[in-house]
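Encoded as structure tokens, the structure appears first; notes follow it.
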Amino acid sequence: MDQLRALKYFVKVVEHGSFSQAAELFSVPPSSLSRRIADLEKSLGATLLKRTTRAVSLTEIGQIYYQQVSEVLSLLAYSDETVRNYQATPMGVLNISSMVGFGERILLPLLDEFRELYPQITLNISLSDDLSTLGRDEVDLAIRGGYAPDERVLAIKLMDNNFIAVAAPSYLETYGVPVNAMELKQHKGLYFKAPNGPTPWICEIDNQWQDVSAERVLISNNGKWLVEKAVAGLGILLMPRWALKPYIESGQLTELTITPSIKITQQANLGVFLLYQKQRYQVPKIKAAVDFLVERVKGVY
């Protein structure tokens, strides 16, 4: 147990870059915490941390040790939680991170029903298009668009995430209806800004990928605002079909048929994925949320 405590101290010092902050988390004196880690280094016969008056950083072997130990501690914590909650009523805090558009349009309305089904679960919802790391960022479930990530998590595809081009009838009356991809260069575009920048407009012509982006009139990471501006007739917008579906059905926006089809990436099969760590599925609150979201989203979209 002493070594386990030392390992926990070590991991928190690395994550916070401070002995004093880590000691505060465990409600122990910094000197006591520092002594435990020094004993750990002595038992290993290796220096894990480089200490200065201003900062704490990892040595080369310390970096390797931290990665391995943090994984072991996470697995141990999840295993303990699974045992404590086996066949228990779903309860506790459920941390969900979702991309903004999906969260506003689909997730939050569904969670009203989820709360009625599981009143003992406290929902902690974060809407952000920044990437989250399960476990490290205290996220139980993450919903992201793109591709199944290459990491040790389970990824369930909830729906396709194909982008389509739309514009308001008023815009099309004024500027005309583009039918060929190259014509888009003569139009005005509204661009969604992902974490790595505005989404490009590209298409494949004669086996070569071409940039057919229209003039950038507006750029924003707020999809709702961009849709409002598209409805107002300010330009052509590329966004996922699921986000634009109600505006197309109401007639506020018109889906454009453009040849060749416009994409935001050369890769195919974009999707919206529900991500979670495999070993946590047996935790009742996780299982309840995964099963609920898969059934509701896949059943409707």
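By order of appearance in the structure tokens: chains A, B, ..., then residues from 1 within every chain, and ligands from 1 in the order shown.
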
Practice task
Compile the contact shell of Thr59 (chain A) as a VMD selection string: residues with an atom at most 8 Å away, counting only C-alpha atoms, same-chain residues fewer than 5 positions apart removed.
Solution key: chain A and resid 47 to 50

Practice task
Would you list the contacts of region 19-21 of chain A as a list in words, taking every protein, DNA or RNA residue within 8 Å and counting only C-alpha atoms, but skipping same-chain residues closer than 6 positions in sequence?
Solution key: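 Listing them by chain and then by number gives Val13, Pro29, Pro30, Leu33, Ser34 and Val56 of chain A.
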
Practice task
Once DSSP has gone over the backbone, tell me which residues of region 155-210 of chain A are in helix (DSSP H, G or I), as a list in words.
Solution key: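 Reading the DSSP output for region 155-210 of chain A, helix (DSSP H, G or I) covers Pro169, Ser170, Tyr171, Leu172, Glu173, Thr174, Tyr175, Ala181, Met182, Glu183, Leu184, Lys185 and Gln186 of chain A.
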
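Comparing A:Gln252, A:Ala55, A:Trp209, A:Gln279 by their smallest distance to Ser74 (chain A), the closest is A:Gln279 (using only C-alpha atoms).
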
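The residue set within 9 Å of Leu123 (chain A), counting only C-alpha atoms and dropping same-chain residues fewer than 6 places from it, reads Gly92, Val93, Leu94, Asn95, Ile96, Leu111 and Arg115 of chain A.
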
Output for the residues just chosen: N, CA and C atoms as a tab-separated table (two decimals), in the first residue's frame:
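Just written: out.tsv:
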```tsv
chain	number	residue	atom	x	y	z
A	92	GLY	N	-24.30	8.38	-9.60
A	92	GLY	CA	-23.03	9.08	-9.60
A	92	GLY	C	-22.95	10.12	-10.69
A	93	VAL	N	-21.80	10.77	-10.80
A	93	VAL	CA	-21.59	11.80	-11.80
A	93	VAL	C	-21.16	11.17	-13.12
A	94	LEU	N	-21.83	11.53	-14.19
A	94	LEU	CA	-21.51	11.05	-15.53
A	94	LEU	C	-20.97	12.22	-16.35
A	95	ASN	N	-19.70	12.14	-16.73
A	95	ASN	CA	-19.04	13.22	-17.47
A	95	ASN	C	-19.08	12.92	-18.96
A	96	ILE	N	-19.76	13.78	-19.71
A	96	ILE	CA	-19.89	13.60	-21.16
A	96	ILE	C	-19.32	14.83	-21.86
A	111	LEU	N	-31.00	14.02	-23.43
A	111	LEU	CA	-30.64	13.85	-22.03
A	111	LEU	C	-31.78	14.20	-21.08
A	115	ARG	N	-32.43	11.66	-18.00
A	115	ARG	CA	-32.52	12.05	-16.59
A	115	ARG	C	-33.77	11.48	-15.93
```

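Here CA of Gly45 (chain A) stands at a distance of 14.1 Å from CA of Glu60 (chain A).
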
Practice task
Just give me the gap between CA of Ser170 (chain A) and CA of Val231 (chain A) in Å, one decimal is fine.
Solution key: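 One can read the CA of Ser170 (chain A) to CA of Val231 (chain A) distance as 8.5 Å.
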
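Here the question is which of A:Ile156, A:Ala142, A:Leu237, A:Ile262 gets nearest to Trp201 (chain A) using only C-alpha atoms, and that residue is A:Ile262.
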
Practice task
List the neighbours of region 22-26 of chain A out to 10 Å using only C-alpha atoms; skip same-chain residues closer than 5 positions along the sequence, and give me the result as a ChimeraX atom specification.
Solution key: /A:5,8-17,31-34

Problem - Distance criterion (only C-alpha atoms): nearest to Ile236 (chain A) out of A:Val177, A:Asn221, A:Gly271, A:Leu293 - result: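 Using only C-alpha atoms, the shortest distance to Ile236 (chain A) belongs to A:Val177.
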
Practice task
Would you work out the distance separating CA of Leu75 (chain A) from CA of Gln63 (chain A), expressed in Å to one decimal?
Solution key: 18.6 Å

Handout entry: Spatial neighbours of Ile264 (chain A), max dist 9 Å, only C-alpha atoms, sep filter under 5 positions, as a list in words
Key =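 Listing them by chain and then by number gives Phe163, Thr199, Pro200, Trp201, Ile202, Cys203 and Leu238 of chain A.
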
Keeping only N, CA and C atoms, write the selected residues to a file as a tab-separated table (two decimals), in the first residue's frame.
```tsv
chain	number	residue	atom	x	y	z
A	163	PHE	N	-20.93	15.80	-45.19
A	163	PHE	CA	-21.19	17.22	-45.37
A	163	PHE	C	-21.93	17.46	-46.69
A	199	THR	N	-12.91	24.51	-42.47
A	199	THR	CA	-13.02	23.30	-43.29
A	199	THR	C	-12.89	23.66	-44.77
A	200	PRO	N	-12.04	22.95	-45.50
A	200	PRO	CA	-11.85	23.26	-46.93
A	200	PRO	C	-13.00	22.72	-47.78
A	201	TRP	N	-13.13	23.23	-48.99
A	201	TRP	CA	-14.07	22.70	-49.97
A	201	TRP	C	-13.23	22.07	-51.08
A	202	ILE	N	-13.28	20.76	-51.19
A	202	ILE	CA	-12.47	20.08	-52.18
A	202	ILE	C	-13.32	19.06	-52.94
A	203	CYS	N	-12.85	18.69	-54.12
A	203	CYS	CA	-13.51	17.64	-54.88
A	203	CYS	C	-12.47	16.98	-55.78
A	238	LEU	N	-21.34	24.62	-46.04
A	238	LEU	CA	-21.13	23.18	-45.96
A	238	LEU	C	-21.15	22.75	-44.51
```

Exercise for the section: Identify, with DSSP run on backbone atoms, the residues in region 32-153 of chain A assigned to strand (DSSP E), and express the list as a ChimeraX atom specification. Expected result: /A:49-51,56-58,92-98,121-127,141-146

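Minimum distance to Ala165 (chain A) across A:Thr259, A:Thr89, A:Ser98, A:Ser128 (counting only C-alpha atoms) occurs at A:Thr259.
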
Problem - Within 9 Å of Met239 (chain A) using only C-alpha atoms, minus same-chain residues under 2 positions, as JSON, numbers by chain - result: {"A": [161, 162, 163, 164, 165, 166, 191, 192, 223, 227, 237, 241, 242, 243, 244]}

Handout entry: Given only C-alpha atoms as the counted atoms, nearest of A:Ile205, A:Ile248, A:Val179, A:Leu127 to Val139 (chain A)
Key =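 Of the candidates, the smallest distance to Val139 (chain A) is held by A:Leu127.
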
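Distances here use only C-alpha atoms; by that measure, the residue among A:Leu256, A:Val72, A:Leu190, A:Val283 closest to Leu226 (chain A) is A:Leu190.
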